[in-house]
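Undergrad: This one is entry_9.txt, compact mmCIF, C-alpha atoms.
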```
# COMPACT_ATOMS: atom_id res chain seq x y z
CA MET A 1 -6.35 15.18 9.42
CA LYS A 2 -6.42 13.07 6.24
CA PHE A 3 -5.48 9.39 6.67
CA LEU A 4 -6.10 9.72 10.40
CA ASP A 5 -9.62 10.79 11.36
CA GLU A 6 -11.33 8.38 8.99
CA TYR A 7 -9.61 5.48 10.79
CA ARG A 8 -11.20 6.53 14.10
CA ASP A 9 -14.85 6.28 12.98
CA GLY A 10 -16.81 4.80 15.87
CA GLU A 11 -19.57 3.31 13.74
CA LEU A 12 -17.14 1.49 11.45
CA ALA A 13 -15.23 0.31 14.54
CA GLN A 14 -18.49 -1.25 15.79
CA GLN A 15 -18.91 -3.05 12.46
CA PHE A 16 -15.47 -4.62 12.86
CA ALA A 17 -16.19 -5.49 16.49
CA GLN A 18 -19.48 -7.19 15.55
CA GLU A 19 -17.74 -9.23 12.87
CA ILE A 20 -15.07 -10.30 15.39
CA HIS A 21 -17.85 -11.38 17.80
CA ARG A 22 -19.50 -13.30 14.96
CA VAL A 23 -16.42 -15.27 13.90
CA THR A 24 -14.93 -16.02 17.34
CA THR A 25 -15.77 -19.47 18.70
CA LYS A 26 -12.75 -20.26 20.90
CA PRO A 27 -10.56 -18.31 23.34
CA TRP A 28 -7.48 -16.71 21.70
CA ASN A 29 -4.51 -14.74 23.03
CA ILE A 30 -3.20 -12.17 20.58
CA MET A 31 -0.14 -10.00 21.27
CA GLU A 32 0.23 -6.52 19.83
CA ILE A 33 3.96 -5.98 19.55
CA CYS A 34 4.18 -2.22 19.54
CA GLY A 35 3.75 0.15 22.47
CA GLY A 36 2.04 2.62 20.13
CA GLN A 37 -0.63 0.01 19.49
CA THR A 38 -0.95 -0.74 23.23
CA HIS A 39 -1.50 2.96 23.86
CA ALA A 40 -4.22 3.17 21.19
CA ILE A 41 -5.93 -0.01 22.44
CA VAL A 42 -6.17 1.26 26.02
CA LYS A 43 -6.92 4.88 25.05
CA PHE A 44 -9.77 4.05 22.67
CA GLY A 45 -10.97 1.08 24.75
CA ILE A 46 -10.57 -1.27 21.79
CA ASP A 47 -10.10 -4.30 24.06
CA GLU A 48 -13.50 -3.53 25.62
CA LEU A 49 -15.17 -3.87 22.21
CA LEU A 50 -13.81 -7.40 21.78
CA PRO A 51 -15.47 -10.67 22.83
CA GLU A 52 -14.38 -11.94 26.25
CA LYS A 53 -12.77 -14.88 24.52
CA ILE A 54 -10.15 -12.60 22.90
CA THR A 55 -7.31 -11.48 25.17
CA LEU A 56 -4.92 -8.82 23.93
CA ILE A 57 -1.47 -9.29 25.45
CA HIS A 58 0.68 -6.17 25.45
CA GLY A 59 4.07 -6.86 23.92
CA PRO A 60 7.59 -5.59 24.54
CA GLY A 61 7.49 -2.99 21.76
CA CYS A 62 8.29 0.08 23.83
CA PRO A 63 11.94 0.95 23.29
CA VAL A 64 12.22 3.01 26.47
CA CYS A 65 10.78 0.14 28.51
CA VAL A 66 13.19 -2.53 27.30
CA THR A 67 16.36 -0.43 27.60
CA PRO A 68 18.32 -2.28 30.30
CA LEU A 69 19.11 -0.68 33.65
CA GLU A 70 22.85 -0.82 33.01
CA MET A 71 22.42 1.21 29.81
CA ILE A 72 20.53 3.89 31.79
CA ASP A 73 23.37 3.89 34.33
CA LYS A 74 25.90 4.34 31.51
CA ALA A 75 23.85 7.28 30.20
CA LEU A 76 23.76 8.83 33.68
CA GLU A 77 27.52 8.53 34.10
CA ILE A 78 28.25 10.10 30.71
CA ALA A 79 25.61 12.84 31.13
CA ALA A 80 27.14 13.94 34.46
CA ARG A 81 30.51 14.76 32.84
CA PRO A 82 31.13 18.51 32.57
CA GLU A 83 32.38 18.45 28.96
CA VAL A 84 29.32 16.55 27.71
CA ILE A 85 26.08 17.80 26.16
CA PHE A 86 23.88 14.70 26.51
CA THR A 87 21.02 14.58 24.02
CA SER A 88 18.03 12.26 24.14
CA PHE A 89 14.40 11.79 23.18
CA GLY A 90 12.29 13.25 25.98
CA ASP A 91 10.82 10.00 27.24
CA MET A 92 14.21 8.69 28.44
CA LEU A 93 14.70 11.48 30.98
CA ARG A 94 12.55 10.06 33.78
CA VAL A 95 13.49 6.43 33.37
CA PRO A 96 14.98 5.37 36.69
CA GLY A 97 18.56 4.10 36.74
CA SER A 98 20.06 2.36 39.79
CA THR A 99 20.26 5.55 41.84
CA THR A 100 18.96 8.50 39.81
CA ASP A 101 17.60 9.57 36.41
CA LEU A 102 18.63 11.94 33.61
CA LEU A 103 16.19 14.62 34.74
CA SER A 104 17.89 14.74 38.15
CA ILE A 105 21.32 14.92 36.49
CA LYS A 106 19.97 17.89 34.51
CA ALA A 107 18.56 19.51 37.65
CA GLY A 108 21.97 19.05 39.29
CA GLY A 109 23.68 21.04 36.54
CA GLY A 110 24.31 18.39 33.89
CA ASP A 111 23.80 19.58 30.32
CA VAL A 112 21.01 17.20 29.25
CA ARG A 113 18.94 18.29 26.27
CA ILE A 114 15.78 16.85 24.72
CA ILE A 115 15.91 16.73 20.96
CA TYR A 116 13.35 15.79 18.31
CA SER A 117 15.64 14.16 15.75
CA PRO A 118 19.13 12.60 15.99
CA LEU A 119 20.18 15.04 13.24
CA ASP A 120 19.72 17.85 15.79
CA ALA A 121 22.56 16.26 17.81
CA VAL A 122 24.84 16.38 14.76
CA LYS A 123 24.03 20.08 14.37
CA LEU A 124 24.83 20.68 18.06
CA ALA A 125 28.22 18.99 17.56
CA GLU A 126 29.01 21.33 14.67
CA GLN A 127 27.92 24.38 16.68
CA ASN A 128 29.83 23.39 19.86
CA PRO A 129 33.28 22.15 18.78
CA ALA A 130 34.66 22.48 22.33
CA ARG A 131 31.99 20.19 23.84
CA GLU A 132 31.39 16.45 23.53
CA ILE A 133 27.93 15.77 22.10
CA VAL A 134 26.46 12.37 22.97
CA PHE A 135 23.13 11.09 21.64
CA PHE A 136 21.23 8.31 23.44
CA GLY A 137 20.27 6.08 20.50
CA VAL A 138 17.31 4.11 21.78
CA GLY A 139 14.70 2.49 19.61
CA PHE A 140 13.51 -0.27 17.32
CA GLU A 141 14.00 -0.67 13.58
CA THR A 142 11.76 2.40 13.21
CA THR A 143 14.35 4.68 14.78
CA ALA A 144 17.46 2.96 13.40
CA PRO A 145 17.33 4.75 10.01
CA ALA A 146 17.42 8.09 11.84
CA THR A 147 20.38 7.21 14.07
CA ALA A 148 22.17 5.59 11.10
CA LEU A 149 21.95 8.78 9.07
CA ALA A 150 23.14 10.86 12.04
CA ILE A 151 26.24 8.65 12.40
CA PHE A 152 26.80 8.68 8.64
CA GLN A 153 26.58 12.49 8.51
CA ALA A 154 28.93 12.84 11.50
CA ALA A 155 31.45 10.61 9.70
CA GLN A 156 31.14 12.59 6.47
CA LYS A 157 31.67 15.82 8.38
CA ARG A 158 34.59 14.19 10.25
CA LEU A 159 33.17 15.30 13.60
CA LYS A 160 35.44 14.26 16.47
CA ASN A 161 33.15 15.53 19.24
CA PHE A 162 30.08 13.43 18.39
CA SER A 163 29.24 9.96 19.68
CA MET A 164 26.26 7.78 20.41
CA LEU A 165 25.24 5.53 23.30
CA ILE A 166 23.39 2.87 21.36
CA SER A 167 20.69 0.59 22.70
CA HIS A 168 18.93 -0.35 19.49
CA VAL A 169 16.76 -3.47 19.54
CA LEU A 170 15.22 -5.67 16.86
CA VAL A 171 11.69 -7.09 16.89
CA PRO A 172 11.84 -10.55 15.20
CA PRO A 173 14.45 -12.03 17.63
CA ALA A 174 12.32 -10.85 20.57
CA MET A 175 9.23 -12.50 19.07
CA GLU A 176 11.19 -15.73 18.77
CA ALA A 177 12.44 -15.43 22.36
CA LEU A 178 8.83 -15.01 23.55
CA LEU A 179 7.58 -17.92 21.45
CA SER A 180 10.38 -20.20 22.71
CA SER A 181 9.53 -19.53 26.36
CA PRO A 182 7.69 -22.41 28.07
CA ASN A 183 5.26 -19.86 29.60
CA CYS A 184 4.34 -18.42 26.22
CA ARG A 185 0.60 -17.77 25.89
CA VAL A 186 0.74 -15.92 22.57
CA GLN A 187 -1.19 -17.56 19.73
CA GLY A 188 -1.09 -14.75 17.18
CA PHE A 189 0.70 -11.43 16.62
CA LEU A 190 -0.22 -7.97 15.44
CA ALA A 191 3.19 -6.98 14.04
CA ALA A 192 4.28 -3.36 14.43
CA GLY A 193 3.35 -1.41 11.31
CA HIS A 194 6.10 1.18 11.39
CA VAL A 195 8.85 -1.35 12.10
CA CYS A 196 7.64 -3.17 8.98
CA ALA A 197 7.50 0.10 7.00
CA VAL A 198 11.28 0.11 7.39
CA MET A 199 12.17 -3.59 7.38
CA GLY A 200 9.32 -5.10 5.34
CA TYR A 201 7.83 -8.36 6.54
CA GLU A 202 9.76 -11.09 4.78
CA GLU A 203 11.53 -11.99 8.05
CA TYR A 204 8.18 -13.00 9.56
CA PHE A 205 7.37 -15.82 7.15
CA PHE A 206 9.95 -18.02 8.87
CA VAL A 207 8.60 -17.17 12.35
CA ALA A 208 4.97 -17.82 11.33
CA GLU A 209 5.86 -21.18 9.84
CA LYS A 210 8.29 -22.36 12.56
CA TYR A 211 5.99 -21.52 15.50
CA ARG A 212 2.66 -21.95 13.67
CA VAL A 213 1.46 -18.42 14.59
CA PRO A 214 -0.50 -15.99 12.43
CA ILE A 215 1.28 -12.64 12.07
CA VAL A 216 -0.67 -9.65 10.77
CA VAL A 217 1.23 -6.43 10.05
CA THR A 218 -1.05 -3.82 11.64
CA GLY A 219 -1.35 -0.04 11.81
CA PHE A 220 -2.04 2.19 14.82
CA GLU A 221 -5.52 3.63 14.43
CA PRO A 222 -8.60 1.96 15.95
CA LEU A 223 -9.88 0.63 12.62
CA ASP A 224 -6.40 -0.72 11.78
CA ILE A 225 -6.15 -2.56 15.08
CA LEU A 226 -9.66 -3.97 14.87
CA GLN A 227 -9.09 -5.17 11.31
CA GLY A 228 -5.74 -6.68 12.40
CA VAL A 229 -7.49 -8.54 15.23
CA LEU A 230 -10.21 -9.76 12.86
CA MET A 231 -7.66 -11.02 10.32
CA THR A 232 -5.73 -12.80 13.11
CA VAL A 233 -8.88 -14.39 14.56
CA LEU A 234 -10.00 -15.57 11.10
CA GLN A 235 -6.61 -17.28 10.70
CA LEU A 236 -6.73 -18.82 14.19
CA GLU A 237 -10.28 -20.08 13.74
CA SER A 238 -9.43 -21.73 10.43
CA GLY A 239 -6.09 -23.15 11.62
CA ARG A 240 -3.95 -20.99 9.34
CA ALA A 241 -0.58 -19.46 10.34
CA GLU A 242 0.24 -16.91 7.65
CA VAL A 243 1.77 -13.48 7.34
CA GLU A 244 -0.75 -10.87 6.21
CA ASN A 245 -0.50 -7.12 5.78
CA GLN A 246 -3.34 -5.00 7.15
CA TYR A 247 -1.28 -1.77 6.96
CA SER A 248 -0.71 -1.80 3.21
CA ARG A 249 -1.09 1.96 2.89
CA ALA A 250 2.32 2.35 4.58
CA VAL A 251 4.04 -1.06 4.45
CA ARG A 252 5.44 -2.84 1.38
CA ARG A 253 6.61 -6.42 1.60
CA GLU A 254 10.25 -5.46 0.97
CA GLY A 255 10.15 -2.42 3.30
CA ASN A 256 12.19 0.72 2.74
CA GLN A 257 15.31 -0.21 0.77
CA PRO A 258 17.34 3.02 1.15
CA ALA A 259 16.77 2.89 4.93
CA GLN A 260 17.80 -0.78 5.16
CA ASP A 261 20.91 -0.05 3.08
CA LEU A 262 22.12 2.65 5.46
CA ILE A 263 21.28 0.56 8.56
CA LYS A 264 23.41 -2.25 7.12
CA LYS A 265 26.25 0.13 6.32
CA VAL A 266 26.41 1.76 9.76
CA PHE A 267 25.34 -1.01 12.15
CA GLN A 268 26.02 -4.66 12.83
CA VAL A 269 23.74 -7.15 14.60
CA VAL A 270 24.79 -7.77 18.22
CA PRO A 271 23.39 -9.58 21.28
CA ARG A 272 21.34 -7.18 23.42
CA LYS A 273 19.98 -7.21 26.98
CA TRP A 274 16.26 -6.37 27.30
CA ARG A 275 15.10 -4.89 30.60
CA GLY A 276 13.12 -7.46 32.53
CA VAL A 277 13.74 -10.15 29.90
CA GLY A 278 17.50 -10.71 29.80
CA GLU A 279 19.92 -11.07 26.93
CA ILE A 280 18.51 -12.14 23.56
CA PRO A 281 21.00 -13.23 20.90
CA LYS A 282 21.16 -11.18 17.69
CA SER A 283 18.46 -8.85 19.02
CA GLY A 284 20.28 -5.52 18.84
CA LEU A 285 22.19 -3.16 16.60
CA GLY A 286 25.64 -1.86 17.50
CA LEU A 287 28.03 0.29 15.46
CA GLY A 288 29.93 -1.46 12.71
CA GLU A 289 33.76 -1.41 12.88
CA GLU A 290 34.04 1.40 10.33
CA PHE A 291 32.09 3.68 12.69
CA ALA A 292 33.51 2.48 16.03
CA ALA A 293 34.99 5.93 16.72
CA PHE A 294 31.42 7.16 17.36
CA ASP A 295 30.74 4.60 20.11
CA ALA A 296 30.16 6.54 23.35
CA GLU A 297 30.62 3.40 25.48
CA LYS A 298 34.21 3.09 24.26
CA LYS A 299 34.88 6.83 24.21
CA PHE A 300 33.86 7.28 27.87
CA GLY A 301 35.04 3.89 29.16
CA VAL A 302 31.67 2.60 30.36
CA ALA A 303 31.45 -0.51 28.19
CA ASP A 304 32.15 -2.92 31.04
CA HIS A 305 29.47 -1.73 33.49
CA HIS A 306 27.11 -4.50 34.51
CA VAL A 307 24.14 -3.99 36.82
CA GLU A 308 21.61 -6.46 38.21
CA GLU A 309 17.99 -5.37 38.00
CA SER A 310 15.74 -4.81 41.02
CA ALA A 311 13.19 -7.48 41.92
CA ASP A 312 10.47 -4.99 43.07
CA CYS A 313 9.44 -4.02 39.57
CA ARG A 314 7.58 -6.71 37.68
CA SER A 315 7.84 -4.99 34.30
CA GLY A 316 9.62 -8.06 32.92
CA LEU A 317 6.45 -10.11 33.37
CA VAL A 318 4.37 -7.28 31.90
CA LEU A 319 6.70 -7.01 28.89
CA GLN A 320 6.41 -10.75 28.28
CA GLY A 321 2.62 -10.56 28.53
CA GLN A 322 2.48 -12.81 31.61
CA ILE A 323 0.70 -10.28 33.83
CA LYS A 324 -1.38 -7.19 33.11
CA PRO A 325 -0.02 -3.93 34.56
CA HIS A 326 -2.72 -3.62 37.26
CA GLU A 327 -1.96 -7.14 38.50
CA CYS A 328 1.38 -5.84 39.87
CA PRO A 329 1.11 -5.09 43.62
CA ALA A 330 3.02 -1.82 43.17
CA PHE A 331 0.78 -0.50 40.36
CA GLY A 332 -0.65 2.91 41.22
CA THR A 333 0.65 2.75 44.78
CA LYS A 334 4.43 2.43 45.06
CA CYS A 335 4.74 2.93 41.31
CA THR A 336 3.19 5.90 39.48
CA PRO A 337 4.29 8.01 36.47
CA GLU A 338 5.59 10.62 38.95
CA HIS A 339 7.61 8.02 40.87
CA PRO A 340 8.08 5.08 38.52
CA LEU A 341 9.74 1.86 39.66
CA GLY A 342 10.27 0.76 36.08
CA ALA A 343 10.31 2.14 32.57
CA THR A 344 6.93 0.69 31.61
CA MET A 345 5.38 3.30 33.93
CA VAL A 346 7.39 6.15 32.36
CA SER A 347 7.06 6.04 28.63
CA SER A 348 3.87 7.09 26.89
CA GLU A 349 4.14 3.76 25.05
CA GLY A 350 4.63 1.74 28.25
CA ALA A 351 1.80 -0.63 29.15
CA CYS A 352 1.80 0.40 32.83
CA ALA A 353 1.62 4.12 31.99
CA ALA A 354 -1.22 3.49 29.52
CA TYR A 355 -3.19 1.56 32.17
CA TYR A 356 -2.45 4.21 34.80
CA ARG A 357 -3.58 7.01 32.51
CA TYR A 358 -6.72 5.44 31.07
CA ARG A 359 -7.69 2.60 33.42
CA ARG A 360 -6.90 3.71 36.94
CA HIS A 361 -10.57 4.38 37.57
CA ASP A 362 -11.29 0.68 36.97
CA ARG A 363 -8.89 -0.29 39.72
CA GLN A 364 -10.24 2.32 42.11
CA LEU A 365 -13.75 1.05 41.46
CA ALA A 366 -12.60 -2.51 42.04
CA GLU A 367 -10.99 -1.49 45.33
CA ALA A 368 -14.10 0.39 46.44
CA ARG A 369 -16.15 -2.72 45.86
CA MET B 1 5.10 19.69 1.78
CA SER B 2 7.99 21.74 0.39
CA VAL B 3 11.39 20.26 -0.46
CA SER B 4 15.01 21.44 -0.18
CA GLY B 5 18.43 19.82 -0.72
CA GLU B 6 19.99 18.18 -3.78
CA ASP B 7 21.90 15.20 -2.31
CA PRO B 8 19.26 12.48 -1.67
CA LEU B 9 20.57 11.89 1.87
CA GLU B 10 20.34 15.61 2.68
CA ARG B 11 16.85 16.12 1.24
CA MET B 12 14.53 17.79 3.76
CA GLY B 13 10.84 18.63 3.53
CA LYS B 14 8.33 20.79 5.40
CA ILE B 15 5.50 18.53 6.50
CA ASP B 16 2.05 19.76 7.47
CA PHE B 17 0.82 17.80 10.52
CA GLY B 18 -2.81 18.92 10.51
CA GLY B 19 -1.79 22.59 10.53
CA VAL B 20 1.53 22.32 12.40
CA LEU B 21 4.53 22.61 10.07
CA LYS B 22 7.61 20.57 10.93
CA GLU B 23 10.77 19.83 8.99
CA ALA B 24 11.63 16.18 8.30
CA SER B 25 14.35 14.32 6.45
CA LEU B 26 13.27 12.85 3.12
CA ALA B 27 16.48 10.78 2.81
CA TYR B 28 14.55 7.51 2.76
CA VAL B 29 11.63 8.51 0.54
CA PRO B 30 13.39 9.73 -2.63
CA GLU B 31 10.22 9.07 -4.63
CA THR B 32 8.10 11.64 -2.75
CA ALA B 33 6.93 14.90 -4.27
CA ILE B 34 5.08 17.97 -3.01
CA GLY B 35 1.53 17.06 -1.98
CA ASP B 36 2.30 13.48 -0.96
CA TYR B 37 1.39 12.09 2.46
CA VAL B 38 4.19 10.46 4.47
CA ILE B 39 4.61 8.59 7.77
CA VAL B 40 7.13 10.50 9.93
CA HIS B 41 9.11 9.14 12.90
CA VAL B 42 11.73 11.13 14.88
CA GLY B 43 12.09 13.66 12.09
CA PHE B 44 12.34 11.13 9.26
CA ALA B 45 9.78 10.28 6.60
CA LEU B 46 9.78 6.47 6.54
CA SER B 47 7.05 5.67 4.06
CA LYS B 48 4.84 7.35 1.50
CA VAL B 49 1.14 6.70 2.14
CA ASP B 50 -0.34 4.81 -0.80
CA GLU B 51 -3.67 6.51 -1.45
CA ALA B 52 -5.21 3.51 -3.26
CA GLU B 53 -4.16 1.10 -0.50
CA ALA B 54 -5.51 3.54 2.10
CA GLN B 55 -9.04 2.74 0.89
CA LYS B 56 -8.64 -1.00 1.50
CA VAL B 57 -9.86 -0.91 5.10
CA PHE B 58 -13.14 0.63 3.93
CA GLU B 59 -13.45 -1.76 0.99
CA TYR B 60 -12.95 -4.66 3.41
CA LEU B 61 -15.72 -3.31 5.64
CA LYS B 62 -18.02 -2.88 2.67
CA ARG B 63 -17.41 -6.44 1.44
CA MET B 64 -17.97 -7.68 5.00
CA GLY B 65 -21.30 -5.83 5.12
CA GLU B 66 -22.42 -7.21 1.76
CA LEU B 67 -21.52 -10.76 2.75
CA GLY B 68 -23.39 -10.30 6.03
CA GLU B 69 -26.53 -9.14 4.18
CA LEU B 70 -26.32 -12.12 1.83
CA GLU B 71 -26.17 -14.47 4.79
CA GLU B 72 -29.09 -12.76 6.50
CA ARG B 73 -31.18 -13.13 3.37
CA ARG B 74 -30.37 -16.81 3.19
CA THR B 75 -31.47 -17.53 6.75
```
Starting from the file, lay out its structure as structure tokens.

TA:
Amino acid sequence: MKFLDEYRDGELAQQFAQEIHRVTTKPWNIMEICGGQTHAIVKFGIDELLPEKITLIHGPGCPVCVTPLEMIDKALEIAARPEVIFTSFGDMLRVPGSTTDLLSIKAGGGDVRIIYSPLDAVKLAEQNPAREIVFFGVGFETTAPATALAIFQAAQKRLKNFSMLISHVLVPPAMEALLSSPNCRVQGFLAAGHVCAVMGYEEYFFVAEKYRVPIVVTGFEPLDILQGVLMTVLQLESGRAEVENQYSRAVRREGNQPAQDLIKKVFQVVPRKWRGVGEIPKSGLGLGEEFAAFDAEKKFGVADHHVEESADCRSGLVLQGQIKPHECPAFGTKCTPEHPLGATMVSSEGACAAYYRYRRHDRQLAEAR
Amino acid sequence: MSVSGEDPLERMGKIDFGGVLKEASLAYVPETAIGDYVIVHVGFALSKVDEAEAQKVFEYLKRMGELGELEERRT
């Protein structure tokens, strides 16, 4: 496919890797923010092409993985109601809540449906006026334009039977939370290309300057990631901390203005809990007052549920880049994609699932030794 | 890509994903026309691919190679 295959050329990837080897003189820790990038890195073995001095730390950019336990429990409670058709992206269905998951609610007779786009949920609401249609709005700035338009359309159509359980999160506040932590090992960032396609990258100049970290907006194909790493290493080696854009074929500095306009109209910035990390101020989007009637938490009276997270799952440390997935004692034993302890083992973008899928043989070999 | 809908927020397009056709909202890419390449996420086109910028990765590699050769010659 055009604009895809040419960015997977093995020979060109080697050229980038050689250049990275040539310019690296000191050890550097670089975090890729986005789960899509983590998946590509592990799938294509990009980290194995890099010098030993370069460590890629897998960031918290998997929306499913950072959705807090209590939000999953709220979803489960709403989805179990007989009048509700609960709609969600497929990867939320097997995320474990405190006692069960959405797939089990569905198996027990709950009307849980996987949809491709939030607009499909609006259509369902029009087609089923006697039912309550709830959409589980999970995602980063990349998904927010889609949920915003769904809410906006529902308001225009004056739909009374449509609402959304919203767990939207924002990337820059999470980067700041990571950088402020005393355990922070991150020295440079590959920023998430598609988040920046929506929001632009002006917000990052402040972060780069305040914390003295290079930030390179990076795409998702092997050549993109390798070039992003090279650009970051060149900055680190020369003591620069700038914002650069590797993914210029899709990202403009100002981002997507119509999308930002609708996000601003429909949402407001709120504090948000991140699974395994805790609450981060100003790190989420919630519905603005004008659209409060579409808030499923209020509609179904679940807004005040609070749940403590289990200590068995160490996904919080994985999400903060403090351990690698296979360093968790439960990895591949008590915790597998079939029986996940935490969301990082469920989602295709989760670091634990990526390691399980593409790296389990390494661990088995290590055990055999 | 084919396009339907008059209101910019209702504009939809058929997108060819390497042979698989899927419908996506074009609400946020009002500048796109038939034949353009777009980045799609959860049924929404978020960005038009800039064909000139798309060559930059390869130009960067080429410059890198030329610089490398220069250095080799010098040593």

Undergrad: Please, which residues of chain B lie no more than 7 Å from chain A when the count uses only C-alpha atoms, and can they be set out as a list of chain:residue names?

TA: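 Written out as asked, the residues are B:Gly18, B:Tyr28, B:Val42, B:Gly43, B:Phe44, B:Leu46, B:Ser47, B:Lys48, B:Val49, B:Asp50, B:Glu51, B:Glu53, B:Ala54.
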
Undergrad: Go through A:Gln320, A:Ser348, A:Gln235, A:Gln127 one by one, measure the shortest atom-to-atom distance of each to A:Leu178 using all atoms listed in the file, and give the residue with the smallest value.

TA: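 Selected residue with least distance to A:Leu178: A:Gln320.
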
Undergrad: Which one of A:Cys352, A:Ile46, A:Leu170, A:Ala296 sits closest to A:Val269 if you count all atoms listed in the file?

TA: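 Counting all atoms listed in the file, the residue closest to A:Val269 is A:Leu170.
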
Undergrad: What does the structure give for the distance between atom CA of A:Ala343 and atom CA of A:Pro329, in Å to one decimal?

TA: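 Computing the Euclidean distance for atom CA of A:Ala343 and atom CA of A:Pro329 yields 16.1 Å.
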
Undergrad: Would you mind telling me which residue in A:Ser238, A:Thr24, A:Thr333, A:Ser181 lies nearest to A:Thr55 when using only C-alpha atoms?

TA: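 Counting only C-alpha atoms, the residue closest to A:Thr55 is A:Thr24.
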
Undergrad: When you look at A:Trp28 with a cut-off of 9 Å (counting all atoms listed in the file), what residues show up, excluding the ones that are within fewer than 5 positions of it in the same chain? I need them as a CSV table (one decimal) with C-alpha atoms, keeping the file's coordinate frame.

TA:
```csv
chain,number,residue,atom,x,y,z
A,53,LYS,CA,-12.8,-14.9,24.5
A,54,ILE,CA,-10.2,-12.6,22.9
A,55,THR,CA,-7.3,-11.5,25.2
A,56,LEU,CA,-4.9,-8.8,23.9
A,186,VAL,CA,0.7,-15.9,22.6
A,187,GLN,CA,-1.2,-17.6,19.7
A,188,GLY,CA,-1.1,-14.8,17.2
A,233,VAL,CA,-8.9,-14.4,14.6
A,236,LEU,CA,-6.7,-18.8,14.2
```

Undergrad: For a test of reading the model, state the distance in Å between atom CA of A:Arg212 and atom CA of A:Glu242, rounded to one decimal.

TA: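 Atom-to-atom, atom CA of A:Arg212 to atom CA of A:Glu242, that is 8.2 Å.
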
Undergrad: May I have the residues at most 10 Å from (22.7, 13.1, 1.4) in the file's coordinates, counting only C-alpha atoms, as a list of chain:residue names?

TA: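 Nearby residues: A:Leu149, A:Phe152, A:Gln153, A:Gln156, B:Gly5, B:Glu6, B:Asp7, B:Pro8, B:Leu9, B:Glu10, B:Arg11, B:Met12, B:Ser25, B:Leu26, B:Ala27, B:Tyr28.
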
Undergrad: Once you have the residues from the selection above, write them out as a PDB file, in the coordinates of the input, restricted to C-alpha atoms.

TA:
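Below is the file that was written, part.pdb:
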```
ATOM      1  CA  LEU A 149      21.950   8.780   9.070  1.00  0.00           C
ATOM      2  CA  PHE A 152      26.800   8.680   8.640  1.00  0.00           C
ATOM      3  CA  GLN A 153      26.580  12.490   8.510  1.00  0.00           C
ATOM      4  CA  GLN A 156      31.140  12.590   6.470  1.00  0.00           C
TER       5      GLN A 156
ATOM      6  CA  GLY B   5      18.430  19.820  -0.720  1.00  0.00           C
ATOM      7  CA  GLU B   6      19.990  18.180  -3.780  1.00  0.00           C
ATOM      8  CA  ASP B   7      21.900  15.200  -2.310  1.00  0.00           C
ATOM      9  CA  PRO B   8      19.260  12.480  -1.670  1.00  0.00           C
ATOM     10  CA  LEU B   9      20.570  11.890   1.870  1.00  0.00           C
ATOM     11  CA  GLU B  10      20.340  15.610   2.680  1.00  0.00           C
ATOM     12  CA  ARG B  11      16.850  16.120   1.240  1.00  0.00           C
ATOM     13  CA  MET B  12      14.530  17.790   3.760  1.00  0.00           C
ATOM     14  CA  SER B  25      14.350  14.320   6.450  1.00  0.00           C
ATOM     15  CA  LEU B  26      13.270  12.850   3.120  1.00  0.00           C
ATOM     16  CA  ALA B  27      16.480  10.780   2.810  1.00  0.00           C
ATOM     17  CA  TYR B  28      14.550   7.510   2.760  1.00  0.00           C
TER      18      TYR B  28
END
```

Undergrad: What gap, in Å, lies between atom CA of B:Ala33 and atom CA of A:Ala121?

TA: 27.1 Å

Undergrad: Considering only C-alpha atoms, return as an MDAnalysis selection string whatever protein or nucleic-acid residues lie within 8 Å of A:Gly350, sequence-local ones (same chain, fewer than 5 positions apart) excluded.

TA: chainID A and resid 35 38:39 62 64:65 343:345

Undergrad: Write to file, as a compact mmCIF listing (two decimals), in the frame of the given file, the residues of the selection just made, with C-alpha atoms.

TA:
```
# COMPACT_ATOMS: atom_id res chain seq x y z
CA GLY A 35 3.75 0.15 22.47
CA THR A 38 -0.95 -0.74 23.23
CA HIS A 39 -1.50 2.96 23.86
CA CYS A 62 8.29 0.08 23.83
CA VAL A 64 12.22 3.01 26.47
CA CYS A 65 10.78 0.14 28.51
CA ALA A 343 10.31 2.14 32.57
CA THR A 344 6.93 0.69 31.61
CA MET A 345 5.38 3.30 33.93
```

Undergrad: Fewer than 6 positions away in the same chain doesn't count, so skip those; otherwise give me all residues within 8 Å of A:Leu76, counting all atoms listed in the file, as number ranges by chain.

TA: A: 97, 100-102, 105
